[in-house]
$ cat input-v3.cif   # mmCIF, C-alpha atoms and all ligand atoms
data_upload
loop_
_atom_site.label_atom_id
_atom_site.label_comp_id
_atom_site.auth_asym_id
_atom_site.auth_seq_id
_atom_site.Cartn_x
_atom_site.Cartn_y
_atom_site.Cartn_z
CA MET A 283 -26.23 -58.60 33.47
CA THR A 284 -22.50 -58.37 33.99
CA LYS A 285 -21.34 -55.34 35.97
CA ASN A 286 -18.44 -54.36 33.70
CA TYR A 287 -19.39 -53.94 30.06
CA LEU A 288 -19.64 -51.89 26.87
CA LYS A 289 -23.07 -51.32 25.40
CA PHE A 290 -23.96 -49.77 22.05
CA TRP A 291 -26.82 -47.23 22.15
CA GLY A 292 -26.11 -45.84 18.67
CA THR A 293 -24.31 -47.54 15.80
CA ARG A 294 -25.42 -45.31 12.91
CA GLY A 295 -23.10 -42.75 11.31
CA SER A 296 -23.85 -39.39 9.69
CA CYS A 297 -27.62 -39.22 10.23
CA ALA A 298 -30.21 -41.06 12.34
CA VAL A 299 -32.65 -43.32 10.48
CA SER A 300 -35.79 -45.23 11.35
CA GLY A 301 -38.03 -47.86 9.81
CA PRO A 302 -38.48 -51.59 9.76
CA GLU A 303 -35.52 -52.00 7.37
CA TYR A 304 -33.21 -50.71 10.16
CA ALA A 305 -34.71 -52.67 13.06
CA LYS A 306 -31.82 -55.09 13.63
CA PHE A 307 -28.81 -52.76 13.57
CA GLY A 308 -30.59 -49.65 14.83
CA GLY A 309 -31.05 -46.09 13.64
CA ASN A 310 -29.57 -43.92 16.41
CA THR A 311 -26.22 -42.22 15.89
CA CYS A 312 -23.11 -42.92 17.96
CA ALA A 313 -23.29 -43.38 21.72
CA LEU A 314 -21.38 -46.00 23.67
CA GLU A 315 -21.93 -46.78 27.36
CA ILE A 316 -19.02 -48.13 29.38
CA ARG A 317 -19.59 -49.43 32.90
CA TYR A 318 -16.64 -50.48 34.99
CA GLU A 319 -16.82 -50.91 38.75
CA ASP A 320 -18.67 -47.74 39.85
CA GLN A 321 -17.65 -45.65 36.81
CA VAL A 322 -20.22 -44.53 34.24
CA VAL A 323 -18.54 -43.46 31.01
CA ILE A 324 -20.11 -42.49 27.68
CA ILE A 325 -18.39 -41.93 24.36
CA ASP A 326 -20.16 -39.44 22.08
CA THR A 327 -23.58 -37.87 22.32
CA GLY A 328 -25.29 -39.00 19.13
CA THR A 329 -29.03 -39.63 19.23
CA GLY A 330 -28.42 -42.95 21.02
CA ILE A 331 -27.66 -40.98 24.18
CA ARG A 332 -31.37 -40.10 24.59
CA PRO A 333 -32.58 -43.60 25.61
CA LEU A 334 -29.33 -44.12 27.56
CA GLY A 335 -30.03 -40.93 29.55
CA ARG A 336 -33.46 -42.19 30.54
CA GLU A 337 -31.92 -45.42 31.78
CA LEU A 338 -29.24 -43.55 33.80
CA LEU A 339 -31.92 -41.40 35.47
CA LYS A 340 -33.83 -44.53 36.49
CA GLN A 341 -30.63 -45.85 38.03
CA LYS A 342 -30.08 -42.47 39.80
CA VAL A 343 -26.57 -42.15 38.36
CA GLN A 344 -25.04 -38.85 39.51
CA ASN A 345 -21.51 -38.84 38.14
CA ILE A 346 -20.86 -39.27 34.42
CA HIS A 347 -17.71 -38.97 32.32
CA LEU A 348 -18.58 -38.08 28.74
CA PHE A 349 -15.83 -38.37 26.12
CA LEU A 350 -16.17 -36.85 22.64
CA SER A 351 -14.43 -38.09 19.50
CA HIS A 352 -15.07 -34.89 17.53
CA SER A 353 -17.74 -32.31 16.92
CA HIS A 354 -19.61 -33.55 13.83
CA TRP A 355 -23.41 -33.52 14.15
CA ASP A 356 -23.85 -37.28 14.41
CA HIS A 357 -21.68 -37.30 17.56
CA LEU A 358 -23.20 -34.23 19.28
CA VAL A 359 -26.82 -33.80 18.37
CA GLY A 360 -28.29 -36.04 21.10
CA PHE A 361 -26.88 -33.87 23.92
CA PRO A 362 -29.91 -31.54 24.35
CA PHE A 363 -32.09 -34.67 24.71
CA PHE A 364 -29.91 -36.31 27.38
CA ASP A 365 -32.20 -36.14 30.43
CA PRO A 366 -29.44 -36.17 33.12
CA ILE A 367 -28.45 -32.60 32.09
CA TYR A 368 -31.80 -31.38 33.50
CA GLU A 369 -31.25 -33.10 36.85
CA PRO A 370 -29.86 -31.10 39.83
CA GLY A 371 -27.05 -32.92 41.63
CA VAL A 372 -25.75 -34.64 38.49
CA HIS A 373 -22.12 -33.91 37.62
CA ILE A 374 -20.99 -34.47 34.02
CA THR A 375 -17.35 -34.14 33.02
CA ILE A 376 -17.19 -33.49 29.27
CA TRP A 377 -13.83 -34.52 27.84
CA SER A 378 -13.02 -33.40 24.30
CA PRO A 379 -10.07 -33.08 21.95
CA PRO A 380 -8.45 -29.65 21.93
CA ASN A 381 -10.46 -27.57 19.49
CA ILE A 382 -8.32 -25.29 17.43
CA ARG A 383 -10.94 -22.76 16.33
CA ARG A 384 -13.49 -22.74 19.16
CA SER A 385 -13.77 -24.41 22.55
CA TYR A 386 -16.22 -27.26 23.10
CA ARG A 387 -18.02 -25.16 25.69
CA GLU A 388 -18.72 -22.62 22.92
CA LEU A 389 -19.82 -25.39 20.55
CA PHE A 390 -22.25 -26.77 23.15
CA SER A 391 -23.48 -23.27 23.85
CA ASP A 392 -24.19 -22.88 20.11
CA LEU A 393 -25.94 -26.26 20.03
CA LEU A 394 -28.36 -24.83 22.62
CA ALA A 395 -28.61 -21.38 20.99
CA PRO A 396 -32.11 -19.81 20.89
CA GLU A 397 -32.31 -20.38 17.12
CA PHE A 398 -31.93 -24.14 17.63
CA PHE A 399 -33.34 -25.05 21.04
CA PRO A 400 -35.59 -23.63 23.79
CA VAL A 401 -33.14 -24.11 26.71
CA ARG A 402 -29.74 -22.38 27.06
CA LEU A 403 -26.58 -24.20 28.18
CA GLU A 404 -26.45 -21.98 31.31
CA GLN A 405 -29.98 -23.09 32.22
CA VAL A 406 -29.34 -26.84 32.41
CA LYS A 407 -29.47 -28.13 35.99
CA ALA A 408 -26.55 -30.56 35.96
CA ASP A 409 -23.07 -29.34 36.78
CA LEU A 410 -21.07 -29.48 33.51
CA GLU A 411 -17.28 -29.48 33.67
CA PHE A 412 -15.36 -29.16 30.39
CA LYS A 413 -11.92 -30.76 30.14
CA THR A 414 -9.51 -31.45 27.29
CA THR A 415 -8.04 -34.79 26.21
CA GLN A 416 -4.64 -35.18 24.56
CA GLN A 417 -3.39 -37.87 22.23
CA LYS A 418 -1.64 -40.73 24.05
CA THR A 419 -2.24 -39.08 27.45
CA PRO A 420 -4.55 -41.62 29.12
CA ILE A 421 -7.19 -40.71 31.70
CA SER A 422 -7.61 -43.16 34.58
CA LEU A 423 -10.99 -43.58 36.27
CA GLY A 424 -10.51 -46.17 39.00
CA GLY A 425 -9.43 -49.40 37.32
CA LEU A 426 -10.55 -48.15 33.90
CA THR A 427 -8.22 -46.23 31.59
CA ILE A 428 -9.20 -44.37 28.43
CA ASP A 429 -6.46 -43.47 25.93
CA PHE A 430 -6.70 -41.39 22.73
CA HIS A 431 -5.23 -41.31 19.24
CA VAL A 432 -5.92 -39.05 16.30
CA THR A 433 -7.69 -40.58 13.28
CA ASN A 434 -7.73 -39.73 9.57
CA HIS A 435 -10.94 -37.70 9.46
CA PRO A 436 -11.80 -34.05 8.65
CA GLY A 437 -11.24 -31.86 11.74
CA LEU A 438 -9.36 -33.09 14.80
CA THR A 439 -10.87 -36.48 15.64
CA TYR A 440 -9.83 -38.90 18.37
CA CYS A 441 -10.40 -42.61 18.73
CA PHE A 442 -10.25 -44.47 22.02
CA LYS A 443 -8.55 -47.39 23.71
CA ILE A 444 -10.56 -48.64 26.66
CA VAL A 445 -8.30 -50.56 29.03
CA THR A 446 -9.09 -52.59 32.15
CA PRO A 447 -6.76 -55.01 33.95
CA HIS A 448 -8.36 -57.77 31.84
CA LYS A 449 -9.33 -56.27 28.45
CA LYS A 450 -8.23 -53.77 25.81
CA ILE A 451 -10.88 -52.50 23.40
CA GLY A 452 -10.29 -50.10 20.50
CA TYR A 453 -13.22 -47.81 19.58
CA ILE A 454 -12.86 -45.91 16.30
CA THR A 455 -16.02 -44.47 14.80
CA ASP A 456 -14.64 -42.14 12.13
CA ASN A 457 -11.44 -43.03 10.30
CA GLU A 458 -10.49 -43.29 6.62
CA MET A 459 -7.99 -46.17 6.42
CA LEU A 460 -5.66 -46.39 3.41
CA GLN A 461 -7.01 -43.19 1.91
CA GLY A 462 -7.71 -43.49 -1.82
CA TYR A 463 -6.72 -47.18 -2.01
CA HIS A 464 -8.77 -49.75 -3.91
CA GLY A 465 -6.30 -52.58 -4.48
CA SER A 466 -5.48 -55.94 -2.94
CA LEU A 467 -4.72 -56.07 0.78
CA ASP A 468 -1.74 -58.34 0.10
CA ASN A 469 0.54 -55.65 -1.28
CA VAL A 470 -0.54 -52.20 -0.13
CA PRO A 471 2.19 -49.68 -1.11
CA PRO A 472 4.18 -48.30 1.86
CA GLU A 473 3.25 -44.70 1.03
CA ILE A 474 -0.44 -45.63 1.51
CA VAL A 475 0.19 -47.50 4.78
CA ASP A 476 2.69 -45.11 6.39
CA PRO A 477 0.19 -42.42 7.54
CA HIS A 478 -1.67 -45.14 9.49
CA LEU A 479 1.25 -46.79 11.29
CA GLY A 480 0.74 -44.70 14.45
CA LEU A 481 -2.88 -45.82 14.75
CA ILE A 482 -2.01 -49.45 13.96
CA GLY A 483 0.60 -49.37 16.74
CA PHE A 484 -1.85 -47.73 19.16
CA LEU A 485 -4.43 -50.49 18.55
CA THR A 486 -2.06 -53.45 18.48
CA GLY A 487 -2.75 -55.76 21.41
CA CYS A 488 -6.50 -55.03 21.62
CA ASP A 489 -8.85 -57.95 22.32
CA THR A 490 -11.62 -56.33 20.30
CA ILE A 491 -11.63 -53.47 17.82
CA VAL A 492 -14.81 -51.56 17.12
CA HIS A 493 -14.08 -49.73 13.84
CA GLU A 494 -16.23 -48.26 11.15
CA ALA A 495 -16.59 -49.68 7.63
CA GLN A 496 -19.06 -47.16 6.30
CA TYR A 497 -18.69 -47.88 2.59
CA THR A 498 -18.63 -50.97 0.42
CA ALA A 499 -15.61 -51.17 -1.90
CA ALA A 500 -17.79 -49.89 -4.78
CA GLU A 501 -19.23 -46.97 -2.74
CA TYR A 502 -15.76 -45.91 -1.62
CA ARG A 503 -14.79 -45.12 -5.24
CA GLN A 504 -17.35 -42.27 -5.09
CA LYS A 505 -16.59 -41.12 -1.54
CA MET A 506 -12.81 -40.91 -1.18
CA GLY A 507 -11.65 -38.18 1.19
CA TRP A 508 -14.96 -38.06 3.11
CA GLY A 509 -13.25 -39.45 6.21
CA HIS A 510 -14.63 -43.00 6.20
CA SER A 511 -13.30 -46.46 5.34
CA SER A 512 -14.26 -49.09 2.81
CA VAL A 513 -14.89 -52.58 4.20
CA PRO A 514 -11.62 -53.98 2.75
CA ASN A 515 -9.50 -51.05 3.97
CA ALA A 516 -10.98 -51.36 7.48
CA ALA A 517 -10.27 -55.11 7.33
CA TYR A 518 -6.62 -54.23 6.66
CA LEU A 519 -6.43 -52.44 10.03
CA LEU A 520 -7.75 -55.57 11.72
CA GLN A 521 -5.20 -57.74 9.91
CA LYS A 522 -2.32 -55.50 10.96
CA THR A 523 -3.33 -55.07 14.60
CA GLY A 524 -4.02 -58.79 14.99
CA ALA A 525 -7.13 -58.25 17.15
CA PRO A 526 -9.20 -61.45 17.18
CA GLN A 527 -12.57 -59.66 17.03
CA TRP A 528 -13.95 -56.83 14.87
CA LEU A 529 -17.27 -55.12 15.49
CA ALA A 530 -18.13 -52.75 12.64
CA THR A 531 -19.99 -49.57 13.59
CA HIS A 532 -20.95 -46.10 12.27
CA HIS A 533 -23.19 -47.72 9.66
CA ASP A 534 -24.07 -45.60 6.64
CA PRO A 535 -27.66 -44.29 6.82
CA SER A 536 -28.35 -45.78 3.38
CA HIS A 537 -27.48 -49.30 4.56
CA THR A 538 -30.47 -51.40 5.59
CA ASP A 539 -30.26 -54.50 7.77
CA SER A 540 -29.84 -56.68 4.71
CA ASP A 541 -27.06 -54.43 3.35
CA LEU A 542 -25.28 -54.69 6.70
CA LEU A 543 -25.59 -58.47 6.71
CA ALA A 544 -23.95 -58.45 3.26
CA ILE A 545 -21.17 -56.18 4.60
CA GLU A 546 -20.74 -58.55 7.54
CA SER A 547 -20.23 -61.49 5.21
CA ASP A 548 -17.77 -59.50 3.03
CA ALA A 549 -15.78 -58.75 6.19
CA LYS A 550 -15.86 -62.38 7.27
CA ALA A 551 -14.57 -63.47 3.85
CA LEU A 552 -11.70 -60.97 4.04
CA LEU A 553 -10.66 -62.01 7.56
CA HIS A 554 -11.53 -65.70 7.71
CA GLN A 555 -7.97 -66.89 7.07
CA HIS A 556 -6.68 -64.49 9.71
CA LYS A 557 -9.03 -66.07 12.29
CA ILE A 558 -10.66 -62.72 13.07
CA ALA A 559 -14.35 -62.85 14.02
CA CYS A 560 -16.49 -60.10 12.41
CA GLN A 561 -19.87 -58.71 13.22
CA ALA A 562 -21.78 -55.49 12.53
CA ALA A 563 -22.44 -53.81 15.89
CA TRP A 564 -26.09 -53.73 16.94
CA ILE A 565 -28.27 -52.61 19.76
CA PRO A 566 -30.56 -55.23 21.28
CA ASP A 567 -30.96 -54.86 25.02
CA SER A 568 -29.29 -58.17 25.65
CA TYR A 569 -26.11 -57.35 23.74
CA VAL A 570 -23.16 -56.18 25.82
CA LEU A 571 -19.45 -56.73 25.54
CA ALA A 572 -18.04 -57.86 28.88
CA ILE A 573 -14.80 -56.13 29.94
CA HIS A 574 -13.93 -57.81 33.23
ZN ZN B 1 -19.45 -39.75 12.49
ZN ZN B 2 -17.20 -37.20 11.62
#

$ encode --input "input-v3.cif" --output "structure tokens" --more "lines below"
Ligand SMILES: [Zn+2]
Ligand SMILES: [Zn+2]
Amino acid sequence: MTKNYLKFWGTRGSCAVSGPEYAKFGGNTCALEIRYEDQVVIIDTGTGIRPLGRELLKQKVQNIHLFLSHSHWDHLVGFPFFDPIYEPGVHITIWSPPNIRRSYRELFSDLLAPEFFPVRLEQVKADLEFKTTQQKTPISLGGLTIDFHVTNHPGLTYCFKIVTPHKKIGYITDNEMLQGYHGSLDNVPPEIVDPHLGLIGFLTGCDTIVHEAQYTAAEYRQKMGWGHSSVPNAAYLLQKTGAPQWLATHHDPSHTDSDLLAIESDAKALLHQHKIACQAAWIPDSYVLAIH
């Protein structure tokens, strides 16, 4: 396996699912592993972080940078099941957006409150260091840089730009593009596009964009304002940024493998003439995205 890569350990949004109808695209919620040189970086602690943690323990990894997009359940709930937190000598830096109402340390402490879990945050064996990220203030970890931009989602939510000397990857799990829009992508009114110009600029120049497309066009009519994109509106972001590859993630828990294959072909049809390759992100062991 290549040394420098991104690997998906959770591609489901909202709620974990299981069953044979989810076997191809996976049922665990968001967790992304990034390996670059000797850096071990994770984005979000959805349920996918549980199997990732077991793998990191096997590899005796002792220093982990964990970045959080926001504090919704599907991005946090795997944390108590992340085995490295019970390992003395492990240091985990937890980077999160500034939380306006309560700090992330308090949120994690609540996640491990006696009403919810048998172990307290102060009892975990790893050394946890909480730090804050700021929009467009990149963090450099050796040759790897992680940058942040706010998305259109309830609560303060960041997306990520993962940059190496050779690749730029956008990673956006929760973002409602073109809020409330159902029309043709050829003539989107400026007042619908304008709120998204900052994000489009931030992601322009990426080699790959991983971005959600949680709802079909028909589903989006019922779920406007919930913080997630329709397939066509997400395709618009790809068109505008000009990235040659789109991996869709944060799959709706109601979408089976066959639904996601249908979404994949809708995306391909929307982006074919723009020469943008589309795929729904999935989790087989062999699938990694090289970043060297
Ligand atoms: Zn989410
Ligand atoms: Zn969310």

$ closest_residue --input "input-v3.cif" --among "A:Ala544, A:Leu358, A:Met459, A:Leu529" --to "ligand ZN 2 (chain B)" --atoms "all atoms listed in the file"
A:Leu358

$ residues_around --input "input-v3.cif" --residues "Pro380 in chain A" --least-positions-apart "4" --cutoff "8 Å" --atoms "all atoms listed in the file" --output "tab-separated table (two decimals) with C-alpha atoms, in the frame of the given file"
chain	number	residue	atom	x	y	z
A	385	SER	CA	-13.77	-24.41	22.55
A	414	THR	CA	-9.51	-31.45	27.29
A	415	THR	CA	-8.04	-34.79	26.21
A	416	GLN	CA	-4.64	-35.18	24.56
A	438	LEU	CA	-9.36	-33.09	14.80

$ closest_atom_pairs --input "input-v3.cif" --of "chain A" --to "ligand ZN 1 (chain B)" --cutoff "10 Å" --atoms "all atoms listed in the file" --output "Markdown table"
| residue | atom | partner | partner_atom | distance |
| --- | --- | --- | --- | --- |
| A:Thr293 | CA | B:ZN1 | ZN | 9.8 |
| A:Arg294 | CA | B:ZN1 | ZN | 8.2 |
| A:Gly295 | CA | B:ZN1 | ZN | 4.9 |
| A:Ser296 | CA | B:ZN1 | ZN | 5.2 |
| A:Cys297 | CA | B:ZN1 | ZN | 8.5 |
| A:Thr311 | CA | B:ZN1 | ZN | 8.0 |
| A:Cys312 | CA | B:ZN1 | ZN | 7.3 |
| A:Asp326 | CA | B:ZN1 | ZN | 9.6 |
| A:Gly328 | CA | B:ZN1 | ZN | 8.9 |
| A:Ser351 | CA | B:ZN1 | ZN | 8.8 |
| A:His352 | CA | B:ZN1 | ZN | 8.3 |
| A:Ser353 | CA | B:ZN1 | ZN | 8.8 |
| A:His354 | CA | B:ZN1 | ZN | 6.3 |
| A:Trp355 | CA | B:ZN1 | ZN | 7.6 |
| A:Asp356 | CA | B:ZN1 | ZN | 5.4 |
| A:His357 | CA | B:ZN1 | ZN | 6.1 |
| A:Leu358 | CA | B:ZN1 | ZN | 9.5 |
| A:His435 | CA | B:ZN1 | ZN | 9.3 |
| A:Thr439 | CA | B:ZN1 | ZN | 9.7 |
| A:Ile454 | CA | B:ZN1 | ZN | 9.8 |
| A:Thr455 | CA | B:ZN1 | ZN | 6.3 |
| A:Asp456 | CA | B:ZN1 | ZN | 5.4 |
| A:Asn457 | CA | B:ZN1 | ZN | 8.9 |
| A:Glu494 | CA | B:ZN1 | ZN | 9.2 |
| A:Gln496 | CA | B:ZN1 | ZN | 9.7 |
| A:Gly509 | CA | B:ZN1 | ZN | 8.8 |
| A:His510 | CA | B:ZN1 | ZN | 8.6 |
| A:Thr531 | CA | B:ZN1 | ZN | 9.9 |
| A:His532 | CA | B:ZN1 | ZN | 6.5 |
| A:His533 | CA | B:ZN1 | ZN | 9.2 |
| A:Asp534 | CA | B:ZN1 | ZN | 9.5 |

$ closest_residue --input "input-v3.cif" --among "A:Thr490, A:Gln504, A:Gln461, A:Gln341" --to "Ile444 in chain A" --atoms "all atoms listed in the file"
A:Thr490

$ axis_aligned_box --input "input-v3.cif" --around "range 537-554 of chain A" --padding-each-side "5 Å" --output "AutoDock Vina command-line options"
--center_x -20.6 --center_y -57.5 --center_z 5.4 --size_x 29.8 --size_y 26.4 --size_z 14.7

$ closest_residue --input "input-v3.cif" --among "A:Tyr502, A:Phe290, A:Phe363, A:Phe430" --to "His464 in chain A" --atoms "all atoms listed in the file"
A:Tyr502

$ residues_around --input "input-v3.cif" --residues "Arg503 in chain A" --least-positions-apart "3" --cutoff "12 Å" --atoms "only C-alpha atoms" --output "MDAnalysis selection string"
chainID A and resid 461:465 497:500 506:508 510:512

$ write_last_selection --input "input-v3.cif" --atoms "C-alpha atoms" --output "PDB file, in the coordinates of the input"
ATOM      1  CA  GLN A 461      -7.010 -43.190   1.910  1.00  0.00           C
ATOM      2  CA  GLY A 462      -7.710 -43.490  -1.820  1.00  0.00           C
ATOM      3  CA  TYR A 463      -6.720 -47.180  -2.010  1.00  0.00           C
ATOM      4  CA  HIS A 464      -8.770 -49.750  -3.910  1.00  0.00           C
ATOM      5  CA  GLY A 465      -6.300 -52.580  -4.480  1.00  0.00           C
ATOM      6  CA  TYR A 497     -18.690 -47.880   2.590  1.00  0.00           C
ATOM      7  CA  THR A 498     -18.630 -50.970   0.420  1.00  0.00           C
ATOM      8  CA  ALA A 499     -15.610 -51.170  -1.900  1.00  0.00           C
ATOM      9  CA  ALA A 500     -17.790 -49.890  -4.780  1.00  0.00           C
ATOM     10  CA  MET A 506     -12.810 -40.910  -1.180  1.00  0.00           C
ATOM     11  CA  GLY A 507     -11.650 -38.180   1.190  1.00  0.00           C
ATOM     12  CA  TRP A 508     -14.960 -38.060   3.110  1.00  0.00           C
ATOM     13  CA  HIS A 510     -14.630 -43.000   6.200  1.00  0.00           C
ATOM     14  CA  SER A 511     -13.300 -46.460   5.340  1.00  0.00           C
ATOM     15  CA  SER A 512     -14.260 -49.090   2.810  1.00  0.00           C
TER      16      SER A 512
END

$ atom_distance --input "input-v3.cif" --atom1 "CA of Ile482 in chain A" --atom2 "CA of Asn310 in chain A"
28.2 Å

$ atom_distance --input "input-v3.cif" --atom1 "CA of Thr375 in chain A" --atom2 "CA of Val323 in chain A"
9.6 Å

$ atom_distance --input "input-v3.cif" --atom1 "CA of Pro302 in chain A" --atom2 "CA of Pro514 in chain A"
27.9 Å

$ closest_residue --input "input-v3.cif" --among "A:Cys560, A:Phe484, A:Leu403, A:Ile346" --to "Leu423 in chain A" --atoms "all atoms listed in the file"
A:Ile346

$ residues_near_point --input "input-v3.cif" --point "(-21.3, -52.1, 29.6)" --cutoff "12 Å" --atoms "only C-alpha atoms" --output "PyMOL selection string"
chain A and resi 283-291+313-325+334+444+567-574

$ closest_residue --input "input-v3.cif" --among "A:Val432, A:Ala549, A:Ala516, A:Ala562" --to "Leu460 in chain A" --atoms "only C-alpha atoms"
A:Ala516

$ residues_near_point --input "input-v3.cif" --point "(-29.3, -48.5, 9.8)" --cutoff "9 Å" --atoms "all atoms listed in the file" --output "PDB file with C-alpha atoms, in the frame of the given file"
ATOM      1  CA  THR A 293     -24.310 -47.540  15.800  1.00  0.00           C
ATOM      2  CA  ARG A 294     -25.420 -45.310  12.910  1.00  0.00           C
ATOM      3  CA  GLY A 295     -23.100 -42.750  11.310  1.00  0.00           C
ATOM      4  CA  ALA A 298     -30.210 -41.060  12.340  1.00  0.00           C
ATOM      5  CA  VAL A 299     -32.650 -43.320  10.480  1.00  0.00           C
ATOM      6  CA  SER A 300     -35.790 -45.230  11.350  1.00  0.00           C
ATOM      7  CA  GLY A 301     -38.030 -47.860   9.810  1.00  0.00           C
ATOM      8  CA  GLU A 303     -35.520 -52.000   7.370  1.00  0.00           C
ATOM      9  CA  TYR A 304     -33.210 -50.710  10.160  1.00  0.00           C
ATOM     10  CA  ALA A 305     -34.710 -52.670  13.060  1.00  0.00           C
ATOM     11  CA  LYS A 306     -31.820 -55.090  13.630  1.00  0.00           C
ATOM     12  CA  PHE A 307     -28.810 -52.760  13.570  1.00  0.00           C
ATOM     13  CA  GLY A 308     -30.590 -49.650  14.830  1.00  0.00           C
ATOM     14  CA  GLY A 309     -31.050 -46.090  13.640  1.00  0.00           C
ATOM     15  CA  ASN A 310     -29.570 -43.920  16.410  1.00  0.00           C
ATOM     16  CA  HIS A 533     -23.190 -47.720   9.660  1.00  0.00           C
ATOM     17  CA  ASP A 534     -24.070 -45.600   6.640  1.00  0.00           C
ATOM     18  CA  PRO A 535     -27.660 -44.290   6.820  1.00  0.00           C
ATOM     19  CA  SER A 536     -28.350 -45.780   3.380  1.00  0.00           C
ATOM     20  CA  HIS A 537     -27.480 -49.300   4.560  1.00  0.00           C
ATOM     21  CA  THR A 538     -30.470 -51.400   5.590  1.00  0.00           C
ATOM     22  CA  ASP A 539     -30.260 -54.500   7.770  1.00  0.00           C
ATOM     23  CA  LEU A 542     -25.280 -54.690   6.700  1.00  0.00           C
TER      24      LEU A 542
END

$ closest_residue --input "input-v3.cif" --among "A:Val401, A:Leu394, A:Cys441, A:Ile331" --to "ligand ZN 2 (chain B)" --atoms "all atoms listed in the file"
A:Cys441
